[in-house]
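Quick look at final22.csv (CSV, C-alpha atoms and all ligand atoms):
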```
chain,number,residue,atom,x,y,z
A,1,MET,CA,-7.7,15.9,-10.2
A,2,LEU,CA,-4.0,15.0,-9.6
A,3,LYS,CA,-2.4,16.8,-12.6
A,4,GLY,CA,1.1,17.9,-11.8
A,5,LYS,CA,1.3,15.7,-8.6
A,6,THR,CA,3.9,12.9,-8.2
A,7,ALA,CA,3.0,9.6,-6.6
A,8,VAL,CA,5.2,6.7,-5.4
A,9,ILE,CA,3.6,3.3,-4.9
A,10,THR,CA,5.6,0.5,-3.3
A,11,GLY,CA,5.0,-3.0,-4.6
A,12,SER,CA,3.2,-1.7,-7.6
A,13,GLY,CA,4.4,-4.1,-10.3
A,14,ARG,CA,1.1,-6.1,-10.0
A,15,GLY,CA,-2.1,-6.5,-8.0
A,16,ILE,CA,-3.6,-3.7,-5.9
A,17,GLY,CA,-0.4,-1.6,-6.2
A,18,LYS,CA,-0.6,-1.7,-10.0
A,19,ALA,CA,-4.3,-0.7,-9.9
A,20,ILE,CA,-3.5,2.2,-7.6
A,21,ALA,CA,-0.7,3.3,-10.0
A,22,MET,CA,-3.0,3.1,-13.0
A,23,LYS,CA,-5.8,5.0,-11.2
A,24,LEU,CA,-3.5,7.9,-10.0
A,25,ALA,CA,-2.0,8.1,-13.5
A,26,SER,CA,-5.5,8.3,-15.1
A,27,LEU,CA,-6.2,11.3,-12.8
A,28,GLY,CA,-3.0,13.0,-14.2
A,29,ALA,CA,-0.3,12.2,-11.6
A,30,ASN,CA,3.2,11.2,-12.5
A,31,VAL,CA,3.8,7.8,-11.1
A,32,VAL,CA,6.9,6.0,-9.7
A,33,ILE,CA,6.7,2.2,-9.8
A,34,ASN,CA,8.6,0.3,-7.1
A,35,ASP,CA,8.8,-3.4,-6.6
A,36,ILE,CA,11.4,-6.0,-5.5
A,37,PRO,CA,14.6,-6.3,-7.7
A,38,GLN,CA,13.5,-9.7,-9.0
A,39,SER,CA,10.1,-8.4,-10.2
A,40,GLU,CA,9.4,-8.9,-13.9
A,41,ASP,CA,6.2,-6.9,-13.8
A,42,ALA,CA,7.5,-3.5,-12.7
A,43,GLU,CA,9.0,-2.3,-16.0
A,44,LYS,CA,5.9,-3.5,-17.9
A,45,THR,CA,3.6,-1.6,-15.5
A,46,CYS,CA,5.8,1.5,-16.0
A,47,GLU,CA,5.5,1.2,-19.8
A,48,GLU,CA,1.7,0.9,-19.6
A,49,ILE,CA,1.6,4.0,-17.5
A,50,LYS,CA,3.8,6.0,-19.8
A,51,ALA,CA,1.4,5.1,-22.6
A,52,MET,CA,-1.3,6.9,-20.6
A,53,GLY,CA,0.5,10.2,-21.3
A,54,VAL,CA,1.9,10.9,-17.8
A,55,GLY,CA,5.5,10.7,-16.5
A,56,SER,CA,6.6,7.3,-15.1
A,57,ILE,CA,9.8,5.8,-13.9
A,58,CYS,CA,10.6,2.4,-12.3
A,59,ILE,CA,12.9,2.3,-9.3
A,60,LYS,CA,13.2,-1.2,-8.0
A,61,GLY,CA,14.2,-1.9,-4.4
A,62,ASP,CA,13.3,-3.7,-1.2
A,63,VAL,CA,11.4,-1.6,1.3
A,64,ARG,CA,13.2,-3.5,4.1
A,65,ASN,CA,16.4,-1.9,3.0
A,66,ILE,CA,16.8,1.8,4.0
A,67,ASP,CA,19.4,2.4,1.3
A,68,ASP,CA,16.9,1.1,-1.4
A,69,VAL,CA,14.2,3.3,0.1
A,70,LYS,CA,16.5,6.4,0.0
A,71,ALA,CA,17.3,5.6,-3.6
A,72,LEU,CA,13.6,5.4,-4.3
A,73,VAL,CA,12.8,8.8,-2.8
A,74,ASP,CA,15.9,10.5,-4.0
A,75,GLY,CA,15.4,9.2,-7.6
A,76,THR,CA,11.8,10.5,-7.5
A,77,VAL,CA,12.8,13.9,-6.3
A,78,LYS,CA,15.5,14.1,-9.0
A,79,GLU,CA,13.1,13.1,-11.8
A,80,PHE,CA,9.9,15.0,-10.8
A,81,GLY,CA,11.1,17.6,-8.2
A,82,GLY,CA,9.3,16.2,-5.2
A,83,VAL,CA,6.8,13.7,-3.8
A,84,ASP,CA,3.2,14.6,-3.2
A,85,ILE,CA,1.6,11.1,-2.6
A,86,PHE,CA,3.3,8.0,-1.1
A,87,VAL,CA,1.4,4.7,-0.9
A,88,ASN,CA,2.8,2.0,1.3
A,89,ASN,CA,1.4,-1.0,-0.5
A,90,ALA,CA,4.2,-3.6,-0.5
A,91,GLY,CA,3.1,-6.6,1.6
A,92,VAL,CA,3.3,-10.3,1.9
A,93,THR,CA,1.7,-13.2,3.8
A,94,ARG,CA,3.2,-16.3,5.4
A,95,ASP,CA,0.2,-17.9,7.0
A,96,GLY,CA,0.2,-20.6,9.6
A,97,LEU,CA,-1.2,-21.3,13.0
A,98,MET,CA,0.8,-19.7,15.8
A,99,LEU,CA,2.0,-22.9,17.4
A,100,ARG,CA,3.6,-23.8,14.1
A,101,MET,CA,4.7,-20.4,12.9
A,102,SER,CA,8.5,-20.1,12.5
A,103,GLU,CA,10.5,-17.1,13.8
A,104,GLU,CA,11.6,-16.6,10.2
A,105,ASP,CA,8.0,-16.2,8.9
A,106,TRP,CA,7.2,-13.8,11.7
A,107,ASP,CA,10.2,-11.7,11.1
A,108,LEU,CA,9.8,-11.6,7.3
A,109,VAL,CA,6.2,-10.4,7.4
A,110,MET,CA,6.9,-7.8,10.1
A,111,ASP,CA,9.9,-6.5,8.2
A,112,ILE,CA,8.2,-6.0,4.9
A,113,ASN,CA,4.7,-5.0,6.0
A,114,LEU,CA,5.6,-2.8,9.0
A,115,LYS,CA,9.3,-1.9,9.1
A,116,GLY,CA,9.2,-1.3,5.3
A,117,ALA,CA,6.4,1.3,5.8
A,118,PHE,CA,8.4,2.9,8.6
A,119,ASN,CA,11.5,3.2,6.4
A,120,CYS,CA,9.4,4.8,3.7
A,121,ILE,CA,7.5,7.3,5.9
A,122,LYS,CA,10.7,8.4,7.6
A,123,THR,CA,12.4,8.9,4.3
A,124,VAL,CA,9.6,10.6,2.3
A,125,ALA,CA,8.7,12.9,5.2
A,126,ARG,CA,11.7,15.2,4.5
A,127,PRO,CA,10.9,16.1,0.9
A,128,MET,CA,7.2,16.4,1.9
A,129,MET,CA,8.1,18.8,4.8
A,130,LYS,CA,10.2,20.8,2.4
A,131,SER,CA,7.3,21.3,0.0
A,132,LYS,CA,5.0,21.8,3.0
A,133,GLY,CA,2.5,19.1,2.2
A,134,GLY,CA,1.8,15.5,1.1
A,135,SER,CA,-0.5,12.6,1.5
A,136,ILE,CA,0.7,9.2,2.8
A,137,ILE,CA,-1.6,6.2,2.4
A,138,ASN,CA,-0.9,2.9,4.1
A,139,ILE,CA,-2.5,-0.3,2.8
A,140,THR,CA,-3.4,-2.2,5.9
A,141,SER,CA,-6.1,-4.9,6.1
A,142,VAL,CA,-9.4,-5.7,7.9
A,143,VAL,CA,-7.5,-8.5,9.7
A,144,GLY,CA,-5.4,-5.8,11.4
A,145,VAL,CA,-8.6,-4.6,13.0
A,146,MET,CA,-10.3,-7.9,13.7
A,147,GLY,CA,-7.5,-10.5,13.9
A,148,ASN,CA,-7.5,-13.8,11.9
A,149,ALA,CA,-6.7,-17.4,12.9
A,150,GLY,CA,-3.6,-18.4,11.0
A,151,GLN,CA,-2.3,-14.9,10.4
A,152,ALA,CA,-0.6,-13.9,13.7
A,153,ASN,CA,2.3,-12.3,11.8
A,154,TYR,CA,0.2,-10.6,9.1
A,155,SER,CA,-2.6,-9.3,11.4
A,156,ALA,CA,0.0,-8.0,13.9
A,157,SER,CA,1.9,-6.2,11.1
A,158,LYS,CA,-1.3,-4.6,9.8
A,159,ALA,CA,-2.5,-3.6,13.2
A,160,GLY,CA,1.0,-2.1,13.7
A,161,LEU,CA,0.5,-0.2,10.5
A,162,ILE,CA,-2.7,1.4,11.8
A,163,GLY,CA,-0.7,2.6,14.9
A,164,LEU,CA,2.0,3.9,12.6
A,165,THR,CA,-0.6,5.7,10.5
A,166,LYS,CA,-2.1,7.5,13.5
A,167,THR,CA,1.3,8.5,14.9
A,168,THR,CA,2.5,9.7,11.5
A,169,ALA,CA,-0.7,11.8,11.2
A,170,LYS,CA,-0.1,13.3,14.7
A,171,GLU,CA,3.7,14.0,14.1
A,172,PHE,CA,3.3,15.6,10.7
A,173,SER,CA,0.0,17.4,10.6
A,174,SER,CA,1.6,20.7,11.5
A,175,ARG,CA,3.7,20.3,8.4
A,176,GLY,CA,0.7,19.9,6.1
A,177,ILE,CA,1.3,16.1,5.7
A,178,ARG,CA,-1.8,13.9,6.0
A,179,CYS,CA,-1.6,10.1,6.7
A,180,ASN,CA,-4.4,7.7,6.4
A,181,ALA,CA,-4.9,3.9,6.0
A,182,VAL,CA,-7.0,1.9,3.7
A,183,ALA,CA,-8.1,-1.5,5.0
A,184,PRO,CA,-9.2,-3.9,2.2
A,185,GLY,CA,-11.4,-6.8,3.0
A,186,PHE,CA,-11.3,-9.8,0.6
A,187,ILE,CA,-10.0,-8.5,-2.7
A,188,GLU,CA,-9.7,-10.8,-5.8
A,189,SER,CA,-5.9,-10.9,-6.4
A,190,ALA,CA,-2.9,-13.2,-6.5
A,191,MET,CA,-2.7,-12.9,-2.6
A,192,THR,CA,-6.2,-14.3,-2.2
A,193,ASP,CA,-6.2,-16.7,-5.2
A,194,LYS,CA,-4.0,-19.1,-3.2
A,195,LEU,CA,-6.5,-19.5,-0.3
A,196,PRO,CA,-8.5,-22.8,0.0
A,197,ASP,CA,-12.0,-22.8,-1.4
A,198,ASP,CA,-13.6,-23.3,2.1
A,199,VAL,CA,-11.9,-20.2,3.4
A,200,LYS,CA,-13.0,-18.2,0.4
A,201,LYS,CA,-16.6,-19.4,1.0
A,202,GLN,CA,-16.5,-18.4,4.7
A,203,TYR,CA,-15.5,-14.9,3.7
A,204,PHE,CA,-18.0,-14.7,0.9
A,205,ASP,CA,-20.9,-15.7,3.3
A,206,ALA,CA,-19.8,-12.9,5.8
A,207,ILE,CA,-19.8,-10.0,3.3
A,208,PRO,CA,-23.1,-8.1,3.4
A,209,LEU,CA,-22.7,-6.7,-0.1
A,210,GLY,CA,-22.5,-10.3,-1.3
A,211,LYS,CA,-19.4,-10.0,-3.5
A,212,PHE,CA,-15.6,-9.9,-3.3
A,213,GLY,CA,-13.9,-6.6,-3.8
A,214,THR,CA,-11.8,-5.6,-6.8
A,215,VAL,CA,-8.4,-4.0,-7.0
A,216,GLU,CA,-10.2,-1.0,-8.5
A,217,ASN,CA,-12.3,-0.6,-5.4
A,218,ILE,CA,-9.1,0.0,-3.4
A,219,ALA,CA,-7.6,2.2,-6.1
A,220,ASP,CA,-10.6,4.5,-6.0
A,221,THR,CA,-10.4,4.9,-2.3
A,222,VAL,CA,-6.6,5.7,-2.4
A,223,ALA,CA,-7.3,8.3,-5.1
A,224,PHE,CA,-9.8,10.0,-2.8
A,225,LEU,CA,-7.3,10.0,0.1
A,226,ALA,CA,-4.5,11.2,-2.3
A,227,SER,CA,-6.5,14.2,-3.5
A,228,ASP,CA,-7.7,17.4,-2.0
A,229,MET,CA,-11.2,15.9,-1.8
A,230,SER,CA,-10.0,14.4,1.5
A,231,ALA,CA,-8.2,17.6,2.6
A,232,TYR,CA,-9.7,17.5,6.1
A,233,ILE,CA,-9.1,13.8,6.8
A,234,THR,CA,-6.1,12.5,8.6
A,235,GLY,CA,-5.2,9.6,10.9
A,236,GLN,CA,-8.2,7.5,9.7
A,237,VAL,CA,-8.7,3.9,8.6
A,238,LEU,CA,-11.1,3.4,5.8
A,239,CYS,CA,-12.4,-0.1,5.5
A,240,VAL,CA,-13.1,-1.1,1.9
A,241,ASP,CA,-14.7,-4.5,2.5
A,242,GLY,CA,-18.3,-4.7,1.4
A,243,GLY,CA,-19.4,-4.3,5.0
A,244,LEU,CA,-17.4,-7.3,6.3
A,245,ILE,CA,-16.5,-5.4,9.5
A,246,MET,CA,-18.6,-2.6,10.9
A,301,LIG,N1,-5.6,-9.0,-1.7
A,301,LIG,C1,-6.3,-8.8,-0.6
A,301,LIG,O1,-7.4,-9.4,-0.5
A,301,LIG,C2,-5.8,-7.9,0.4
A,301,LIG,C3,-6.5,-7.7,1.5
A,301,LIG,C4,-6.1,-6.8,2.5
A,301,LIG,C5,-4.9,-6.2,2.4
A,301,LIG,N2,-4.1,-6.4,1.2
A,301,LIG,C6,-2.8,-5.7,1.1
A,301,LIG,O2,-2.7,-5.0,-0.1
A,301,LIG,C7,-1.4,-4.9,-0.5
A,301,LIG,C8,-1.2,-5.5,-1.9
A,301,LIG,O3,-1.6,-6.8,-1.9
A,301,LIG,P1,-1.9,-7.6,-3.3
A,301,LIG,O4,-3.1,-8.5,-3.0
A,301,LIG,O5,-1.9,-6.7,-4.5
A,301,LIG,O6,-0.6,-8.6,-3.2
A,301,LIG,P2,0.5,-9.0,-4.4
A,301,LIG,O7,1.3,-10.1,-3.8
A,301,LIG,O8,-0.2,-9.2,-5.7
A,301,LIG,O9,1.3,-7.7,-4.5
A,301,LIG,C9,2.3,-7.3,-3.6
A,301,LIG,C10,3.4,-6.6,-4.3
A,301,LIG,O10,4.4,-6.2,-3.3
A,301,LIG,C11,5.7,-6.6,-3.8
A,301,LIG,N3,6.6,-6.7,-2.6
A,301,LIG,C12,6.7,-7.8,-1.8
A,301,LIG,N4,7.7,-7.5,-0.9
A,301,LIG,C13,8.3,-6.4,-1.2
A,301,LIG,C14,9.4,-5.6,-0.7
A,301,LIG,N5,10.1,-6.1,0.3
A,301,LIG,N6,9.7,-4.4,-1.3
A,301,LIG,C15,9.0,-4.0,-2.3
A,301,LIG,N7,8.0,-4.6,-2.9
A,301,LIG,C16,7.6,-5.8,-2.3
A,301,LIG,C17,5.5,-7.9,-4.5
A,301,LIG,O11,6.6,-8.2,-5.4
A,301,LIG,C18,4.2,-7.6,-5.2
A,301,LIG,O12,4.4,-7.0,-6.5
A,301,LIG,C19,-0.6,-5.7,0.6
A,301,LIG,O13,0.0,-4.8,1.5
A,301,LIG,C20,-1.6,-6.6,1.2
A,301,LIG,O14,-1.3,-7.0,2.5
A,301,LIG,C21,-4.5,-7.2,0.3
```
Please re-express this file's structure in structure tokens.
Amino acid sequence: MLKGKTAVITGSGRGIGKAIAMKLASLGANVVINDIPQSEDAEKTCEEIKAMGVGSICIKGDVRNIDDVKALVDGTVKEFGGVDIFVNNAGVTRDGLMLRMSEEDWDLVMDINLKGAFNCIKTVARPMMKSKGGSIINITSVVGVMGNAGQANYSASKAGLIGLTKTTAKEFSSRGIRCNAVAPGFIESAMTDKLPDDVKKQYFDAIPLGKFGTVENIADTVAFLASDMSAYITGQVLCVDGGLIM
């Protein structure tokens, strides 16, 4: 389904990003792995993907840093000739009630989750415009839609990402570039492992499908949005949350 396409996924050394990378590779895409310079997972993920028989390179860099992002996009174009799919997946949490939230924790989360995506979209739009098409997918969160006590920084960054998704869709549709967001609910991953048991139970009880999501559930949705099967969809937010919000 994605044979001959090139996909870049930020923060794809592990977790949801890695699952997306493996899924897109399994559908035939060449895959560029990005993660922070300190990541020990990124190269391993890249090797696993090469073993699947598609092209893969690892370009580490911090999405907050525009020079790193330019190196990521330029390196991809140099290796594979263009970028067809770009997934803004890199994200962090620094939870705490608002009255106690430090300016540092606010800035860090906004910088990575929102400004990072802006840096990437702005940079990848040029090669996509040149090749007259592309699919950008932003990984937001259900808390960007519904809010969440203890996550002022995170929910604001993810709500901002939804606005950025819609604006990107509007600005670049005429160039053949689509932009959509995927909003995961509670997904079993390193990010949610660290939550206290009572918080996990509260989520669990509120999920109509009666189970937590998997990283593969998110990867499948990203694959759909990356492919021509979603050719007439842009500016949308797809919640993948077992019915948590509806
Ligand atoms: N796990 C969930 O339940 C859940 C729910 C909703 C949304 N999400 C979103 O899904 C995405 C992936 O989450 P995950 O659960 O796999 O988390 P994770 O912590 O396992 O993975 C995030 C990856 O992003 C990388 N990263 C962090 N800062 C970066 C930066 N500045 N530049 C480049 N890479 C950076 C990390 O090193 C890590 O490999 C995030 O955007 C997260 O907000 C997750």
Contacts with ligand LIG 301 (chain A) at most 8 Å, only C-alpha atoms and all ligand atoms counted, listed as number ranges by chain: A: 10-18, 34-36, 38-39, 41-42, 60-64, 88-93, 111-113, 116, 139-143, 154, 158, 183-192, 213, 215
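Between Val31 of chain A and the residues A:Asn65, A:Lys70, A:Val77, A:Ala231, the shortest atom-to-atom distance, using all atoms listed in the file, involves A:Val77.
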Contacts of segment 122-230 of chain A with segment 237-245 of chain A up to 12 Å, shortest pair per row, all atoms listed in the file, as JSON lines:
```
{"residue": "A:Ile137", "atom": "CA", "partner": "A:Val237", "partner_atom": "CA", "distance": 9.7}
{"residue": "A:Asn138", "atom": "CA", "partner": "A:Val237", "partner_atom": "CA", "distance": 9.1}
{"residue": "A:Ile139", "atom": "CA", "partner": "A:Val237", "partner_atom": "CA", "distance": 9.5}
{"residue": "A:Thr140", "atom": "CA", "partner": "A:Val237", "partner_atom": "CA", "distance": 8.5}
{"residue": "A:Ser141", "atom": "CA", "partner": "A:Cys239", "partner_atom": "CA", "distance": 7.9}
{"residue": "A:Val142", "atom": "CA", "partner": "A:Cys239", "partner_atom": "CA", "distance": 6.8}
{"residue": "A:Val143", "atom": "CA", "partner": "A:Ile245", "partner_atom": "CA", "distance": 9.5}
{"residue": "A:Gly144", "atom": "CA", "partner": "A:Val237", "partner_atom": "CA", "distance": 10.6}
{"residue": "A:Val145", "atom": "CA", "partner": "A:Ile245", "partner_atom": "CA", "distance": 8.7}
{"residue": "A:Met146", "atom": "CA", "partner": "A:Ile245", "partner_atom": "CA", "distance": 7.9}
{"residue": "A:Gly147", "atom": "CA", "partner": "A:Ile245", "partner_atom": "CA", "distance": 11.2}
{"residue": "A:Lys158", "atom": "CA", "partner": "A:Val237", "partner_atom": "CA", "distance": 11.3}
{"residue": "A:Ala159", "atom": "CA", "partner": "A:Val237", "partner_atom": "CA", "distance": 10.8}
{"residue": "A:Leu161", "atom": "CA", "partner": "A:Val237", "partner_atom": "CA", "distance": 10.2}
{"residue": "A:Ile162", "atom": "CA", "partner": "A:Val237", "partner_atom": "CA", "distance": 7.2}
{"residue": "A:Gly163", "atom": "CA", "partner": "A:Val237", "partner_atom": "CA", "distance": 10.3}
{"residue": "A:Leu164", "atom": "CA", "partner": "A:Val237", "partner_atom": "CA", "distance": 11.4}
{"residue": "A:Thr165", "atom": "CA", "partner": "A:Val237", "partner_atom": "CA", "distance": 8.5}
{"residue": "A:Lys166", "atom": "CA", "partner": "A:Val237", "partner_atom": "CA", "distance": 9.0}
{"residue": "A:Ala169", "atom": "CA", "partner": "A:Val237", "partner_atom": "CA", "distance": 11.5}
{"residue": "A:Cys179", "atom": "CA", "partner": "A:Val237", "partner_atom": "CA", "distance": 9.6}
{"residue": "A:Asn180", "atom": "CA", "partner": "A:Val237", "partner_atom": "CA", "distance": 6.1}
{"residue": "A:Ala181", "atom": "CA", "partner": "A:Val237", "partner_atom": "CA", "distance": 4.6}
{"residue": "A:Val182", "atom": "CA", "partner": "A:Leu238", "partner_atom": "CA", "distance": 4.8}
{"residue": "A:Ala183", "atom": "CA", "partner": "A:Cys239", "partner_atom": "CA", "distance": 4.5}
{"residue": "A:Pro184", "atom": "CA", "partner": "A:Val240", "partner_atom": "CA", "distance": 4.8}
{"residue": "A:Gly185", "atom": "CA", "partner": "A:Asp241", "partner_atom": "CA", "distance": 4.1}
{"residue": "A:Phe186", "atom": "CA", "partner": "A:Asp241", "partner_atom": "CA", "distance": 6.6}
{"residue": "A:Ile187", "atom": "CA", "partner": "A:Asp241", "partner_atom": "CA", "distance": 8.1}
{"residue": "A:Glu188", "atom": "CA", "partner": "A:Asp241", "partner_atom": "CA", "distance": 11.6}
{"residue": "A:Gln202", "atom": "CA", "partner": "A:Leu244", "partner_atom": "CA", "distance": 11.3}
{"residue": "A:Tyr203", "atom": "CA", "partner": "A:Leu244", "partner_atom": "CA", "distance": 8.3}
{"residue": "A:Phe204", "atom": "CA", "partner": "A:Leu244", "partner_atom": "CA", "distance": 9.2}
{"residue": "A:Asp205", "atom": "CA", "partner": "A:Leu244", "partner_atom": "CA", "distance": 9.6}
{"residue": "A:Ala206", "atom": "CA", "partner": "A:Leu244", "partner_atom": "CA", "distance": 6.1}
{"residue": "A:Ile207", "atom": "CA", "partner": "A:Leu244", "partner_atom": "CA", "distance": 4.7}
{"residue": "A:Pro208", "atom": "CA", "partner": "A:Gly243", "partner_atom": "CA", "distance": 5.5}
{"residue": "A:Leu209", "atom": "CA", "partner": "A:Gly242", "partner_atom": "CA", "distance": 5.1}
{"residue": "A:Gly210", "atom": "CA", "partner": "A:Gly242", "partner_atom": "CA", "distance": 7.5}
{"residue": "A:Lys211", "atom": "CA", "partner": "A:Gly242", "partner_atom": "CA", "distance": 7.3}
{"residue": "A:Phe212", "atom": "CA", "partner": "A:Gly242", "partner_atom": "CA", "distance": 7.5}
{"residue": "A:Gly213", "atom": "CA", "partner": "A:Asp241", "partner_atom": "CA", "distance": 6.7}
{"residue": "A:Thr214", "atom": "CA", "partner": "A:Asp241", "partner_atom": "CA", "distance": 9.8}
{"residue": "A:Val215", "atom": "CA", "partner": "A:Val240", "partner_atom": "CA", "distance": 10.5}
{"residue": "A:Glu216", "atom": "CA", "partner": "A:Val240", "partner_atom": "CA", "distance": 10.8}
{"residue": "A:Asn217", "atom": "CA", "partner": "A:Val240", "partner_atom": "CA", "distance": 7.4}
{"residue": "A:Ile218", "atom": "CA", "partner": "A:Val240", "partner_atom": "CA", "distance": 6.7}
{"residue": "A:Ala219", "atom": "CA", "partner": "A:Val240", "partner_atom": "CA", "distance": 10.3}
{"residue": "A:Asp220", "atom": "CA", "partner": "A:Val240", "partner_atom": "CA", "distance": 10.0}
{"residue": "A:Thr221", "atom": "CA", "partner": "A:Val240", "partner_atom": "CA", "distance": 7.8}
{"residue": "A:Val222", "atom": "CA", "partner": "A:Leu238", "partner_atom": "CA", "distance": 9.6}
{"residue": "A:Phe224", "atom": "CA", "partner": "A:Leu238", "partner_atom": "CA", "distance": 10.9}
{"residue": "A:Leu225", "atom": "CA", "partner": "A:Leu238", "partner_atom": "CA", "distance": 9.5}
{"residue": "A:Ser230", "atom": "CA", "partner": "A:Leu238", "partner_atom": "CA", "distance": 11.9}
```
One-decimal distance in Å that lies between atom CA of Leu108 of chain A and atom CA of Arg178 of chain A: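 A separation of 28.0 Å between them.
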Separation of atom CA of Val87 of chain A from atom CA of Asp107 of chain A in Å: 22.1 Å
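Computed from the coordinates, the atom CA of Glu103 of chain A to atom CA of Lys115 of chain A distance equals 16.0 Å.
When all atoms listed in the file are used to measure the gap to Phe172 of chain A, the shortest distance among A:Met98, A:Ala29, A:Leu195, A:Ile121 belongs to A:Ile121.
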Restore N, CA and C atoms in segment 162-174 of chain A and list the result as a PDB file, in the coordinates of the input.
```
ATOM      1  N   ILE A 162      -1.606   0.408  11.456  1.00  0.00           N
ATOM      2  CA  ILE A 162      -2.700   1.400  11.800  1.00  0.00           C
ATOM      3  C   ILE A 162      -2.117   2.315  12.927  1.00  0.00           C
ATOM      4  N   GLY A 163      -1.372   1.771  13.892  1.00  0.00           N
ATOM      5  CA  GLY A 163      -0.700   2.600  14.900  1.00  0.00           C
ATOM      6  C   GLY A 163       0.248   3.586  14.278  1.00  0.00           C
ATOM      7  N   LEU A 164       1.011   3.079  13.321  1.00  0.00           N
ATOM      8  CA  LEU A 164       2.000   3.900  12.600  1.00  0.00           C
ATOM      9  C   LEU A 164       1.301   5.041  11.843  1.00  0.00           C
ATOM     10  N   THR A 165       0.153   4.714  11.267  1.00  0.00           N
ATOM     11  CA  THR A 165      -0.600   5.700  10.500  1.00  0.00           C
ATOM     12  C   THR A 165      -1.040   6.861  11.412  1.00  0.00           C
ATOM     13  N   LYS A 166      -1.574   6.506  12.582  1.00  0.00           N
ATOM     14  CA  LYS A 166      -2.100   7.500  13.500  1.00  0.00           C
ATOM     15  C   LYS A 166      -0.936   8.385  14.054  1.00  0.00           C
ATOM     16  N   THR A 167       0.175   7.728  14.370  1.00  0.00           N
ATOM     17  CA  THR A 167       1.300   8.500  14.900  1.00  0.00           C
ATOM     18  C   THR A 167       1.898   9.404  13.821  1.00  0.00           C
ATOM     19  N   THR A 168       1.966   8.906  12.592  1.00  0.00           N
ATOM     20  CA  THR A 168       2.500   9.700  11.500  1.00  0.00           C
ATOM     21  C   THR A 168       1.544  10.965  11.331  1.00  0.00           C
ATOM     22  N   ALA A 169       0.224  10.723  11.375  1.00  0.00           N
ATOM     23  CA  ALA A 169      -0.700  11.800  11.200  1.00  0.00           C
ATOM     24  C   ALA A 169      -0.476  12.872  12.335  1.00  0.00           C
ATOM     25  N   LYS A 170      -0.263  12.394  13.574  1.00  0.00           N
ATOM     26  CA  LYS A 170      -0.100  13.300  14.700  1.00  0.00           C
ATOM     27  C   LYS A 170       1.270  14.068  14.579  1.00  0.00           C
ATOM     28  N   GLU A 171       2.338  13.361  14.175  1.00  0.00           N
ATOM     29  CA  GLU A 171       3.700  14.000  14.100  1.00  0.00           C
ATOM     30  C   GLU A 171       3.805  15.009  12.990  1.00  0.00           C
ATOM     31  N   PHE A 172       3.083  14.774  11.880  1.00  0.00           N
ATOM     32  CA  PHE A 172       3.300  15.600  10.700  1.00  0.00           C
ATOM     33  C   PHE A 172       2.203  16.516  10.262  1.00  0.00           C
ATOM     34  N   SER A 173       1.085  16.504  11.009  1.00  0.00           N
ATOM     35  CA  SER A 173       0.000  17.400  10.600  1.00  0.00           C
ATOM     36  C   SER A 173       0.359  18.828  10.534  1.00  0.00           C
ATOM     37  N   SER A 174       1.186  19.267  11.496  1.00  0.00           N
ATOM     38  CA  SER A 174       1.600  20.700  11.500  1.00  0.00           C
ATOM     39  C   SER A 174       2.419  21.050  10.305  1.00  0.00           C
TER      40      SER A 174
END
```
